[in-house]
Amino acid sequence: MTQPAKIRVPEPVSPLPDAKPTVVTHSAVRTFLRGRGNSAVADATFRGLVFLCALSIFGIVVLIAWELISRSQLTLAKFGIGFFFRSAWDPVNNNFGAWPFIYGTLMSSFLALLISVPFALGVAIFLTEMCPKWLRAPLSFLTELLAAIPSVVYGLWAIFVLIPLLRDHVNPMLMFTLGWTGLFTPPNAGYSMLAAGVVLAIMILPIISSLTREVMTSVPMVQREGVLALGATRWEMIRIGVLRNARIGIVGAIILGLGRALGETMAVTMVIGNRPEIVKSLLAPGYTMASVLANEFSEATSDMYLSALIEIGLALFLVTIVVNACARLLVWMVTRGAPARVA
Amino acid sequence: MGVGIEVSDLNAWYGTNHTLKDIQLNIPANHATALIGPSGCGKSTFVRCLNRMHETNPIARVTGKVLINDVDIYAEASPVEIRRRVGMVFQRPNPFPTMSIYDNVASGLKLNGFRNRRVLDEVVERSLRQSALWEEVKDELKKKSGASLSGGQQQRLCIARALAVDPEVLLMDEPASALDPVSTAKIEDLIFELKSQYTIVIVTHNMQQAARVAENTGFFLMGKLVEFDSTHKIFTNPSDKRTEDYITGRFG
Amino acid sequence: MASQSMRPPLRASRVNVFSRRIKSGLVGGLAVLATIAVIVPLIAILLYLLKQGVTSLNWNFFTKIPVPAGESGGGMENAIVGSGVILALASLIGIPLGIGAGIYLAEYGRDRRMGNIVRFTADVLNGVPSIVMGIAIYALIVLPQKHFSAFAGGVVLGVMMVPTVTRTTEEMLRMVPHAIREAALGLGVPAWRSALTITLRTASAGIVTGCMLAFARVAGETAPLLFTAFGNAFQSTSLNEPIAALPLQIFVYAVSPYDEWHRLAWAGALVLIVLIIASVALVRYVVSRGTLKGAS
């Protein structure tokens with residue numbers, strides 16, 4: 001057996017004489033610290049305080065629900081659930097039915113999704129899988145900007161740019177080519193369901209796009225590499241390696257966009273024409289739940305009127321909560337709770 | 001002056017993982033004691049039990065007795081009070097990045113409410129001298145941030161920060177493993193000088209380092225303390241075969 | 001037999017690969033087109049806003065209050081001041097609550113059931129339409145007081161800030177490395193002190209910019225103010241009276257028939273946009289640098 005290498009142990013050396021410690025500060029420091037004691041009370045108080053702050057979030061939700069439910073009792077009692085399926089809006093005679101607004105909200109949001117989802121997915125695919133590195137930051141900055149522009153500014157732009165554009169150029173073409181469907185018939189005032197759908201599409205696109213990107217980037221690289229190694233083209237790699245895995249999250253992103261569209265108020269109010277009628281043509285004006293609230297709330301003269309409006313608000317509240325909760329759950333399932341900075 | 005540490009029947013768990021088994025150990029005062037052993041043997045866990053850092057992990061559990069200067073740190077005092085008396089230097093230097101060098105060293109005192117400016121100045125200078133950093137930073141104490149120093153300097157800053165609260169015991173968990181050889185040599189010199197004033201426990205992977213610096217050495221293996229004796233004896237004539245196998249490089 | 005059955009797949013696969021490649025290129029092209037179709041109009045919108053706003057912005061805008069329709073020389077000074085008052089109150093409410101909740105989530109609520117529920121609720125609250133928030137605060141404050149007020153406006157915007165500030169604070173605090181917290185613990189610093197003066201301070205740059213972002217977002221909100229602050233044609237700073245606000249004024253002017261008022265609306269929009277761009281850029285900058293200043 002070979003002799004294992006021995007560790008050379010130096011002979012113990014007496015320690016070097018150290019600098020004379022200031023004895024006064026030694027014990028002063030120690031005495032001070034010794035007297036500081038336990039911080040258990042302060043810790044518990046602090047923890048309690050921040051916990052209360054966290055509870056305030058629940059408090060806010062409960063508060064909103066409480067106010068909405070308690071103040072809409074009048075119309076809840078008078079019309080029951082039928083309130084949402086009647087078409088009437090006659091404050092003078094206290095006859096209320098919210099169906100035109102519900103239809104308007106659904107139609108405008110549906111239009112918005114129809115227009116924006118293909119573009120949002122395209123942008124997301126481009127930015128995640130195809131974009132050169134130097135271009136990625138400025139482009140994603142631009143999309144983030146899009147999401148942050150206030151609703152009223154979009155509305156302002158829509159009134160002076162989008163409506164004339166639609167009225168003078170796009171709508172005539174639509175009437176000419178697709179008028180036979182009944183969806184694009186005169187009158188062509190510009191202020192229309194179509195305009196609302198387009199503005200909403202622009203507004204929800206960055207949300208769907210960013211969230212889709214987040215979901216797509218959370219798919220691990222190994223998935224992509226595995227598919228590529230089998231000889232897939234780039235699109236096949238995206239489709240099989242990424243989209244298929246992120247499917248659920250992308251659906252969640254779309255639903256989140258829907259949630260935003262349902263509640264969007266100012267821009268829609270400024271372009272939709274504010275007429276509580278259900279017409280087949282998309283070029284005709286319409287009305288959404290959020291818009292009627294914006295326009296008529298401060299002029300509600302009677303208690304019944306107010307109650308009807310608040311009941312619409314309650315419906316909007318419940319619907320958006322459910323839609324958003326589902327959306328967040330779906331996204332969370334793919335990204336495992338990574339922080340969602342998209343509001 | 002440093003104090004002795006008496007450990008009896010110490011057991012520790014991470015969740016269901018029994019990391020330390022029945023440790024009995026007497027660490028003498030004013031000496032440097034090295035703890036060696038292969039990765040995962042529990043030496044870091046042991047050291048973290050000495051200043052009650054182990055229990056900051058929610059799934060961690062400790063039983064047993066640890067007497068520091070005849071005070072059972074688990075029974076008679078709160079973790080916060082213990083940690084003021086037992087200082088710790090970590091493997092990777094971790095100075096507070098938003099604070100200046102001065103504030104870093106003084107943080108143990110200032111964050112506990114100490115206000116006396118004059119005494120703080122003295123303490124900061126003393127600690128930086130003790131950790132052999134004073135000459136290098138004395139002109140920029142308040143201007144430079146703690147994180148802008150080099151790796152070796154940061155670690156000496158952390159040592160100064162630990163010394164500023166005048167602990168009775170100084171725990172060092174592989175303090176030089178993330179540093180270059182020059183800084184490592186400086187840190188080892190430091191420990192050599194400090195051990196006359198404090199009780200030092202140093203965890204190390206580097207057996208030569210243990211041999212250079214410590215009077216006593218303990219060998220840990222799979223959660224158990226296999227052997228504890230003077231450094232000289234451990235490295236030249238160990239009593240246990242497992243110790244000999246480790247020393248000669250047969251494993252770990 | 002074996003060699004015969006091998007031939008057709010080889011030929012088919014060559015054609016197959018070709019068509020797959022075409023498809024891939026097509027989809028790629030569509031993605032690029034989609035991006036262009038989005039980015040170009042966006043830049044066009046921004047440039048149009050800038051152009052309209054810059055030509056309308058002048059000294060009067062910031063110093064004069066509105067004049068009757070048809071006259072020129074009015075400004076939005078009362079709206080700017082009004083927004084300032086409302087936003088100050090909103091920040092006083094929203095920022096402390098939000099940071100507190102964020103601290104809870106980051107320090108005490110990680111991977112815990114309660115923490116997850118709070119986090120989820122905050123995200124869901126973010127999605128509640130702002131007009132619904134306005135209605136709730138209207139019912140809570142305006143109805144009992146029987147008048148609109150800047151106070152109500154401040155409360156509704158403050159409440160809207162809470163979920164955003166909470167989430168960004170939590171995110172920033174999570175980015176503080178564990179080693180820093182351990183260092184503080186090892187020194188015997190009490191947990192509450194460590195959370196405030198070490199962890200919070202290390203993440204402070206990020207938290208501040210997160211608050212800025214929340215601020216900029218509520219600064220542009222119109223709907224909730226429609227029946228809380230309500231708007232005011234005159235100068236007012238009292239919390240107990242209706243007050244003007246920039247986005248409210250923009251709305252009123254935009255839907256009006258007067259060119260002069262349209263001009264003012266554009267100028268106001270520009271001010272809002274500049275505020276937004278500044279905060280988004282700042283947040284990105286801080287996040288990209290990381291929360292550790294001067295980290296080696």
# chains A, B, ... in the order shown; residues from 1 in each chain; ligands from 1
>>> residues_around(residues="A:Arg260", least_positions_apart="3", cutoff="8 Å", atoms="only C-alpha atoms", output="list in words")
Ile204, Leu256, Gly257, Gly263, Glu264 and Thr320 of chain A; Gly127 and Pro129 of chain C
>>> interface_residues(of="chain B", to="chain A", cutoff="10 Å", atoms="only C-alpha atoms", output="PyMOL selection string")
chain B and resi 1+77-82+84-85+108-109+112-114+119-120+122-123+126+129-130+164-168+192-197+207-208+210-215+231-233+235-236+244-245+247-250
>>> residues_around(residues="C:Thr63", least_positions_apart="6", cutoff="9 Å", atoms="only C-alpha atoms", output="list in words")
Gly74, Gly75, Met76, Glu77 and Asn78 of chain C
>>> write_last_selection(atoms="N, CA and C atoms", output="mmCIF file, in the first residue's frame")
data_model
loop_
_atom_site.group_PDB
_atom_site.id
_atom_site.type_symbol
_atom_site.label_atom_id
_atom_site.label_comp_id
_atom_site.auth_asym_id
_atom_site.auth_seq_id
_atom_site.Cartn_x
_atom_site.Cartn_y
_atom_site.Cartn_z
ATOM 1 N N GLY C 74 -58.300 80.431 -23.004
ATOM 2 C CA GLY C 74 -58.501 79.676 -21.772
ATOM 3 C C GLY C 74 -57.446 78.596 -21.615
ATOM 4 N N GLY C 75 -57.459 77.990 -20.462
ATOM 5 C CA GLY C 75 -56.484 76.932 -20.208
ATOM 6 C C GLY C 75 -57.099 75.860 -19.338
ATOM 7 N N MET C 76 -56.233 74.993 -18.840
ATOM 8 C CA MET C 76 -56.739 73.913 -17.993
ATOM 9 C C MET C 76 -56.086 73.948 -16.633
ATOM 10 N N GLU C 77 -55.776 75.146 -16.187
ATOM 11 C CA GLU C 77 -55.032 75.228 -14.940
ATOM 12 C C GLU C 77 -55.816 74.610 -13.793
ATOM 13 N N ASN C 78 -57.119 74.856 -13.758
ATOM 14 C CA ASN C 78 -57.894 74.301 -12.642
ATOM 15 C C ASN C 78 -57.938 72.776 -12.708
#
>>> interface_residues(of="chain C", to="chain B", cutoff="10 Å", atoms="only C-alpha atoms", output="PDB file with N, CA and C atoms, in the first residue's frame")
ATOM      1  N   PRO C 177     -31.960  39.591  -2.726  1.00  0.00           N
ATOM      2  CA  PRO C 177     -31.397  38.255  -2.523  1.00  0.00           C
ATOM      3  C   PRO C 177     -31.516  37.808  -1.072  1.00  0.00           C
ATOM      4  N   HIS C 178     -31.683  36.525  -0.912  1.00  0.00           N
ATOM      5  CA  HIS C 178     -31.843  35.958   0.416  1.00  0.00           C
ATOM      6  C   HIS C 178     -30.625  36.228   1.295  1.00  0.00           C
ATOM      7  N   ALA C 179     -29.459  36.311   0.661  1.00  0.00           N
ATOM      8  CA  ALA C 179     -28.230  36.522   1.424  1.00  0.00           C
ATOM      9  C   ALA C 179     -28.284  37.819   2.222  1.00  0.00           C
ATOM     10  N   ILE C 180     -28.932  38.827   1.671  1.00  0.00           N
ATOM     11  CA  ILE C 180     -29.018  40.112   2.382  1.00  0.00           C
ATOM     12  C   ILE C 180     -29.868  39.950   3.640  1.00  0.00           C
ATOM     13  N   ARG C 181     -30.987  39.280   3.490  1.00  0.00           N
ATOM     14  CA  ARG C 181     -31.835  39.067   4.665  1.00  0.00           C
ATOM     15  C   ARG C 181     -31.105  38.254   5.725  1.00  0.00           C
ATOM     16  N   GLU C 182     -30.343  37.242   5.271  1.00  0.00           N
ATOM     17  CA  GLU C 182     -29.599  36.410   6.214  1.00  0.00           C
ATOM     18  C   GLU C 182     -28.574  37.232   6.958  1.00  0.00           C
ATOM     19  N   ALA C 183     -27.914  38.136   6.233  1.00  0.00           N
ATOM     20  CA  ALA C 183     -26.910  38.973   6.894  1.00  0.00           C
ATOM     21  C   ALA C 183     -27.552  39.778   8.009  1.00  0.00           C
ATOM     22  N   ALA C 184     -28.731  40.333   7.722  1.00  0.00           N
ATOM     23  CA  ALA C 184     -29.404  41.135   8.741  1.00  0.00           C
ATOM     24  C   ALA C 184     -29.825  40.266   9.928  1.00  0.00           C
ATOM     25  N   LEU C 185     -30.361  39.098   9.623  1.00  0.00           N
ATOM     26  CA  LEU C 185     -30.757  38.183  10.692  1.00  0.00           C
ATOM     27  C   LEU C 185     -29.569  37.801  11.557  1.00  0.00           C
ATOM     28  N   GLY C 186     -28.461  37.489  10.876  1.00  0.00           N
ATOM     29  CA  GLY C 186     -27.278  37.044  11.610  1.00  0.00           C
ATOM     30  C   GLY C 186     -26.740  38.085  12.565  1.00  0.00           C
ATOM     31  N   LEU C 187     -27.045  39.364  12.276  1.00  0.00           N
ATOM     32  CA  LEU C 187     -26.573  40.423  13.155  1.00  0.00           C
ATOM     33  C   LEU C 187     -27.497  40.624  14.349  1.00  0.00           C
ATOM     34  N   GLY C 188     -28.586  39.900  14.372  1.00  0.00           N
ATOM     35  CA  GLY C 188     -29.511  40.085  15.480  1.00  0.00           C
ATOM     36  C   GLY C 188     -30.403  41.297  15.311  1.00  0.00           C
ATOM     37  N   VAL C 189     -30.629  41.690  14.049  1.00  0.00           N
ATOM     38  CA  VAL C 189     -31.550  42.799  13.805  1.00  0.00           C
ATOM     39  C   VAL C 189     -32.975  42.248  13.892  1.00  0.00           C
ATOM     40  N   PRO C 190     -33.858  42.918  14.603  1.00  0.00           N
ATOM     41  CA  PRO C 190     -35.227  42.409  14.714  1.00  0.00           C
ATOM     42  C   PRO C 190     -35.874  42.286  13.338  1.00  0.00           C
ATOM     43  N   ALA C 191     -36.786  41.334  13.204  1.00  0.00           N
ATOM     44  CA  ALA C 191     -37.378  41.047  11.898  1.00  0.00           C
ATOM     45  C   ALA C 191     -38.064  42.270  11.299  1.00  0.00           C
ATOM     46  N   ARG C 193     -37.448  45.427  11.802  1.00  0.00           N
ATOM     47  CA  ARG C 193     -36.463  46.429  11.415  1.00  0.00           C
ATOM     48  C   ARG C 193     -35.760  46.012  10.130  1.00  0.00           C
ATOM     49  N   SER C 194     -35.447  44.710  10.057  1.00  0.00           N
ATOM     50  CA  SER C 194     -34.786  44.206   8.859  1.00  0.00           C
ATOM     51  C   SER C 194     -35.678  44.378   7.645  1.00  0.00           C
ATOM     52  N   THR C 197     -35.766  48.534   7.075  1.00  0.00           N
ATOM     53  CA  THR C 197     -34.571  49.295   6.730  1.00  0.00           C
ATOM     54  C   THR C 197     -33.613  48.549   5.837  1.00  0.00           C
ATOM     55  N   ILE C 198     -33.732  47.267   5.738  1.00  0.00           N
ATOM     56  CA  ILE C 198     -32.790  46.576   4.854  1.00  0.00           C
ATOM     57  C   ILE C 198     -33.489  46.103   3.586  1.00  0.00           C
ATOM     58  N   THR C 199     -34.480  45.238   3.738  1.00  0.00           N
ATOM     59  CA  THR C 199     -35.100  44.684   2.540  1.00  0.00           C
ATOM     60  C   THR C 199     -35.812  45.775   1.743  1.00  0.00           C
ATOM     61  N   ARG C 201     -35.397  48.955   1.814  1.00  0.00           N
ATOM     62  CA  ARG C 201     -34.501  49.962   1.295  1.00  0.00           C
ATOM     63  C   ARG C 201     -33.729  49.452   0.085  1.00  0.00           C
ATOM     64  N   THR C 202     -33.357  48.186   0.125  1.00  0.00           N
ATOM     65  CA  THR C 202     -32.653  47.625  -1.029  1.00  0.00           C
ATOM     66  C   THR C 202     -33.539  47.644  -2.270  1.00  0.00           C
ATOM     67  N   ALA C 203     -34.813  47.405  -2.058  1.00  0.00           N
ATOM     68  CA  ALA C 203     -35.730  47.355  -3.200  1.00  0.00           C
ATOM     69  C   ALA C 203     -36.354  48.703  -3.476  1.00  0.00           C
ATOM     70  N   SER C 204     -35.922  49.743  -2.779  1.00  0.00           N
ATOM     71  CA  SER C 204     -36.667  51.009  -2.806  1.00  0.00           C
ATOM     72  C   SER C 204     -36.788  51.607  -4.199  1.00  0.00           C
ATOM     73  N   THR C 291     -32.207  45.480  -8.650  1.00  0.00           N
ATOM     74  CA  THR C 291     -32.455  46.289  -7.465  1.00  0.00           C
ATOM     75  C   THR C 291     -31.192  46.587  -6.672  1.00  0.00           C
ATOM     76  N   LEU C 292     -30.081  45.920  -7.014  1.00  0.00           N
ATOM     77  CA  LEU C 292     -28.869  46.162  -6.245  1.00  0.00           C
ATOM     78  C   LEU C 292     -28.048  47.254  -6.897  1.00  0.00           C
ATOM     79  N   LYS C 293     -27.819  48.304  -6.187  1.00  0.00           N
ATOM     80  CA  LYS C 293     -27.030  49.388  -6.749  1.00  0.00           C
ATOM     81  C   LYS C 293     -25.561  49.057  -6.585  1.00  0.00           C
ATOM     82  N   GLY C 294     -24.818  49.196  -7.653  1.00  0.00           N
ATOM     83  CA  GLY C 294     -23.380  49.003  -7.549  1.00  0.00           C
ATOM     84  C   GLY C 294     -22.993  47.573  -7.220  1.00  0.00           C
ATOM     85  N   ALA C 295     -23.864  46.616  -7.537  1.00  0.00           N
ATOM     86  CA  ALA C 295     -23.503  45.232  -7.248  1.00  0.00           C
ATOM     87  C   ALA C 295     -22.316  44.836  -8.101  1.00  0.00           C
ATOM     88  N   SER C 296     -21.361  44.188  -7.503  1.00  0.00           N
ATOM     89  CA  SER C 296     -20.144  43.859  -8.252  1.00  0.00           C
ATOM     90  C   SER C 296     -20.358  42.645  -9.141  1.00  0.00           C
TER      91      SER C 296
END
>>> select_by_dssp(residues="stretch 9-242 of chain B", states="strand (DSSP E or B)", output="number ranges by chain")
B: 9-14, 17-27, 32-36, 60-68, 71-72, 86-89, 100, 145, 169-173, 199-203, 216-221, 224-230
>>> residues_around(residues="C:Arg217", least_positions_apart="6", cutoff="9 Å", atoms="only C-alpha atoms", output="PyMOL selection string")
(chain A and resi 148-150) or (chain C and resi 161+276)
>>> atom_distance(atom1="atom CA of B:Lys241", atom2="atom CA of B:Thr19")
22.0 Å
>>> select_by_dssp(residues="stretch 79-149 of chain C", states="alpha helix (DSSP H)", output="MDAnalysis selection string")
chainID C and resid 79:103 113:126 130:137 143:145
>>> write_last_selection(atoms="C-alpha atoms", output="short mmCIF file (atom, residue, chain, number, x, y, z; two decimals), in the first residue's frame")
data_model
loop_
_atom_site.label_atom_id
_atom_site.label_comp_id
_atom_site.auth_asym_id
_atom_site.auth_seq_id
_atom_site.Cartn_x
_atom_site.Cartn_y
_atom_site.Cartn_z
CA ALA C 79 -57.97 70.79 -14.06
CA ILE C 80 -54.26 70.32 -13.55
CA VAL C 81 -54.44 71.59 -10.00
CA GLY C 82 -57.56 69.55 -9.40
CA SER C 83 -55.90 66.38 -10.64
CA GLY C 84 -53.00 67.21 -8.36
CA VAL C 85 -55.26 67.44 -5.33
CA ILE C 86 -57.10 64.22 -6.11
CA LEU C 87 -53.93 62.33 -6.90
CA ALA C 88 -52.26 63.52 -3.72
CA LEU C 89 -55.11 62.13 -1.66
CA ALA C 90 -55.15 58.96 -3.73
CA SER C 91 -51.43 58.43 -3.15
CA LEU C 92 -51.83 58.98 0.58
CA ILE C 93 -54.39 56.19 0.65
CA GLY C 94 -53.15 53.81 -1.99
CA ILE C 95 -49.40 53.79 -1.50
CA PRO C 96 -49.13 52.93 2.21
CA LEU C 97 -51.86 50.28 1.97
CA GLY C 98 -50.27 48.86 -1.17
CA ILE C 99 -46.73 48.77 0.19
CA GLY C 100 -47.94 47.23 3.44
CA ALA C 101 -49.81 44.52 1.58
CA GLY C 102 -46.81 43.99 -0.67
CA ILE C 103 -44.54 43.56 2.35
CA ARG C 113 -52.43 29.69 1.31
CA MET C 114 -53.36 33.10 2.69
CA GLY C 115 -50.72 34.78 0.61
CA ASN C 116 -51.92 33.11 -2.56
CA ILE C 117 -55.50 34.12 -1.89
CA VAL C 118 -54.53 37.74 -1.31
CA ARG C 119 -52.40 37.74 -4.43
CA PHE C 120 -55.21 36.30 -6.52
CA THR C 121 -57.74 38.75 -5.12
CA ALA C 122 -55.44 41.67 -5.91
CA ASP C 123 -55.11 40.53 -9.50
CA VAL C 124 -58.86 40.09 -9.83
CA LEU C 125 -59.47 43.49 -8.26
CA ASN C 126 -57.24 44.98 -10.92
CA SER C 130 -63.06 51.59 -12.99
CA ILE C 131 -66.58 52.82 -13.49
CA VAL C 132 -67.87 50.17 -11.11
CA MET C 133 -65.38 51.42 -8.54
CA GLY C 134 -66.79 54.88 -9.11
CA ILE C 135 -70.32 53.68 -8.47
CA ALA C 136 -69.33 51.98 -5.24
CA ILE C 137 -67.58 55.06 -3.88
CA LEU C 143 -74.80 59.75 -1.40
CA PRO C 144 -74.47 60.22 2.38
CA GLN C 145 -72.73 63.55 1.92
#
>>> residues_around(residues="B:Lys186", least_positions_apart="2", cutoff="12 Å", atoms="only C-alpha atoms", output="number ranges by chain")
B: 130-133, 152-153, 155-156, 175-176, 179-184, 188-193, 209, 213
>>> residues_around(residues="B:Leu141", least_positions_apart="4", cutoff="12 Å", atoms="only C-alpha atoms", output="list in words")
Met99, Ser100, Ile101, Tyr102, Asp103, Asn104, Val105, Ala106, Asp121, Val124, Glu125, Leu128, Leu133, Trp134, Glu135, Glu136, Val137, Ser145, Gly146, Ser148, Leu149 and Leu157 of chain B
>>> write_last_selection(atoms="N, CA and C atoms", output="PDB file, in the first residue's frame")
ATOM      1  N   MET B  99     -25.891  50.586   1.494  1.00  0.00           N
ATOM      2  CA  MET B  99     -25.241  51.335   2.577  1.00  0.00           C
ATOM      3  C   MET B  99     -23.774  51.563   2.283  1.00  0.00           C
ATOM      4  N   SER B 100     -23.248  52.631   2.838  1.00  0.00           N
ATOM      5  CA  SER B 100     -21.825  52.911   2.691  1.00  0.00           C
ATOM      6  C   SER B 100     -21.028  51.934   3.555  1.00  0.00           C
ATOM      7  N   ILE B 101     -19.698  51.984   3.397  1.00  0.00           N
ATOM      8  CA  ILE B 101     -18.838  51.099   4.185  1.00  0.00           C
ATOM      9  C   ILE B 101     -19.051  51.349   5.668  1.00  0.00           C
ATOM     10  N   TYR B 102     -19.059  52.631   6.028  1.00  0.00           N
ATOM     11  CA  TYR B 102     -19.257  52.995   7.433  1.00  0.00           C
ATOM     12  C   TYR B 102     -20.573  52.410   7.940  1.00  0.00           C
ATOM     13  N   ASP B 103     -21.641  52.646   7.186  1.00  0.00           N
ATOM     14  CA  ASP B 103     -22.956  52.191   7.640  1.00  0.00           C
ATOM     15  C   ASP B 103     -23.032  50.678   7.711  1.00  0.00           C
ATOM     16  N   ASN B 104     -22.335  50.007   6.797  1.00  0.00           N
ATOM     17  CA  ASN B 104     -22.317  48.553   6.833  1.00  0.00           C
ATOM     18  C   ASN B 104     -21.723  48.054   8.144  1.00  0.00           C
ATOM     19  N   VAL B 105     -20.559  48.589   8.471  1.00  0.00           N
ATOM     20  CA  VAL B 105     -19.902  48.116   9.690  1.00  0.00           C
ATOM     21  C   VAL B 105     -20.741  48.463  10.911  1.00  0.00           C
ATOM     22  N   ALA B 106     -21.326  49.652  10.881  1.00  0.00           N
ATOM     23  CA  ALA B 106     -22.075  50.101  12.056  1.00  0.00           C
ATOM     24  C   ALA B 106     -23.490  49.528  12.090  1.00  0.00           C
ATOM     25  N   ASP B 121     -18.005  55.918  15.691  1.00  0.00           N
ATOM     26  CA  ASP B 121     -16.778  56.137  14.930  1.00  0.00           C
ATOM     27  C   ASP B 121     -15.660  55.255  15.439  1.00  0.00           C
ATOM     28  N   VAL B 124     -16.308  51.571  14.517  1.00  0.00           N
ATOM     29  CA  VAL B 124     -16.087  51.294  13.099  1.00  0.00           C
ATOM     30  C   VAL B 124     -14.591  51.200  12.818  1.00  0.00           C
ATOM     31  N   GLU B 125     -13.833  52.149  13.385  1.00  0.00           N
ATOM     32  CA  GLU B 125     -12.393  52.112  13.107  1.00  0.00           C
ATOM     33  C   GLU B 125     -11.770  50.858  13.702  1.00  0.00           C
ATOM     34  N   LEU B 128     -12.658  47.790  11.592  1.00  0.00           N
ATOM     35  CA  LEU B 128     -11.984  47.736  10.298  1.00  0.00           C
ATOM     36  C   LEU B 128     -10.498  47.451  10.474  1.00  0.00           C
ATOM     37  N   LEU B 133      -8.869  45.974   7.081  1.00  0.00           N
ATOM     38  CA  LEU B 133      -9.425  46.684   5.931  1.00  0.00           C
ATOM     39  C   LEU B 133      -9.271  48.191   6.083  1.00  0.00           C
ATOM     40  N   TRP B 134      -8.894  48.634   7.253  1.00  0.00           N
ATOM     41  CA  TRP B 134      -8.906  50.063   7.558  1.00  0.00           C
ATOM     42  C   TRP B 134      -8.044  50.868   6.590  1.00  0.00           C
ATOM     43  N   GLU B 135      -6.811  50.407   6.401  1.00  0.00           N
ATOM     44  CA  GLU B 135      -5.902  51.194   5.575  1.00  0.00           C
ATOM     45  C   GLU B 135      -6.447  51.372   4.160  1.00  0.00           C
ATOM     46  N   GLU B 136      -7.164  50.371   3.687  1.00  0.00           N
ATOM     47  CA  GLU B 136      -7.617  50.432   2.293  1.00  0.00           C
ATOM     48  C   GLU B 136      -8.835  51.315   2.091  1.00  0.00           C
ATOM     49  N   VAL B 137      -9.631  51.508   3.124  1.00  0.00           N
ATOM     50  CA  VAL B 137     -10.888  52.228   2.897  1.00  0.00           C
ATOM     51  C   VAL B 137     -11.060  53.461   3.767  1.00  0.00           C
ATOM     52  N   SER B 145     -20.029  52.648  -1.514  1.00  0.00           N
ATOM     53  CA  SER B 145     -21.014  51.701  -1.010  1.00  0.00           C
ATOM     54  C   SER B 145     -20.351  50.371  -0.718  1.00  0.00           C
ATOM     55  N   GLY B 146     -20.974  49.607   0.158  1.00  0.00           N
ATOM     56  CA  GLY B 146     -20.393  48.331   0.558  1.00  0.00           C
ATOM     57  C   GLY B 146     -20.201  47.367  -0.596  1.00  0.00           C
ATOM     58  N   SER B 148     -19.368  48.023  -3.629  1.00  0.00           N
ATOM     59  CA  SER B 148     -18.453  48.403  -4.702  1.00  0.00           C
ATOM     60  C   SER B 148     -17.028  47.916  -4.453  1.00  0.00           C
ATOM     61  N   LEU B 149     -16.794  47.175  -3.375  1.00  0.00           N
ATOM     62  CA  LEU B 149     -15.457  46.660  -3.092  1.00  0.00           C
ATOM     63  C   LEU B 149     -15.225  45.346  -3.817  1.00  0.00           C
ATOM     64  N   LEU B 157     -15.056  43.154   4.967  1.00  0.00           N
ATOM     65  CA  LEU B 157     -16.070  44.100   5.458  1.00  0.00           C
ATOM     66  C   LEU B 157     -17.124  43.366   6.278  1.00  0.00           C
TER      67      LEU B 157
END
>>> residues_around(residues="stretch 297-299 of chain A", least_positions_apart="3", cutoff="12 Å", atoms="only C-alpha atoms", output="number ranges by chain")
A: 91, 289-294, 302-303, 305-313; C: 131-132, 134-135, 138-139, 142-143, 147-148, 223-231
>>> closest_residue(among="C:Ala34, C:Leu26, C:Met175, C:Leu47", to="chain A", atoms="only C-alpha atoms")
C:Ala34
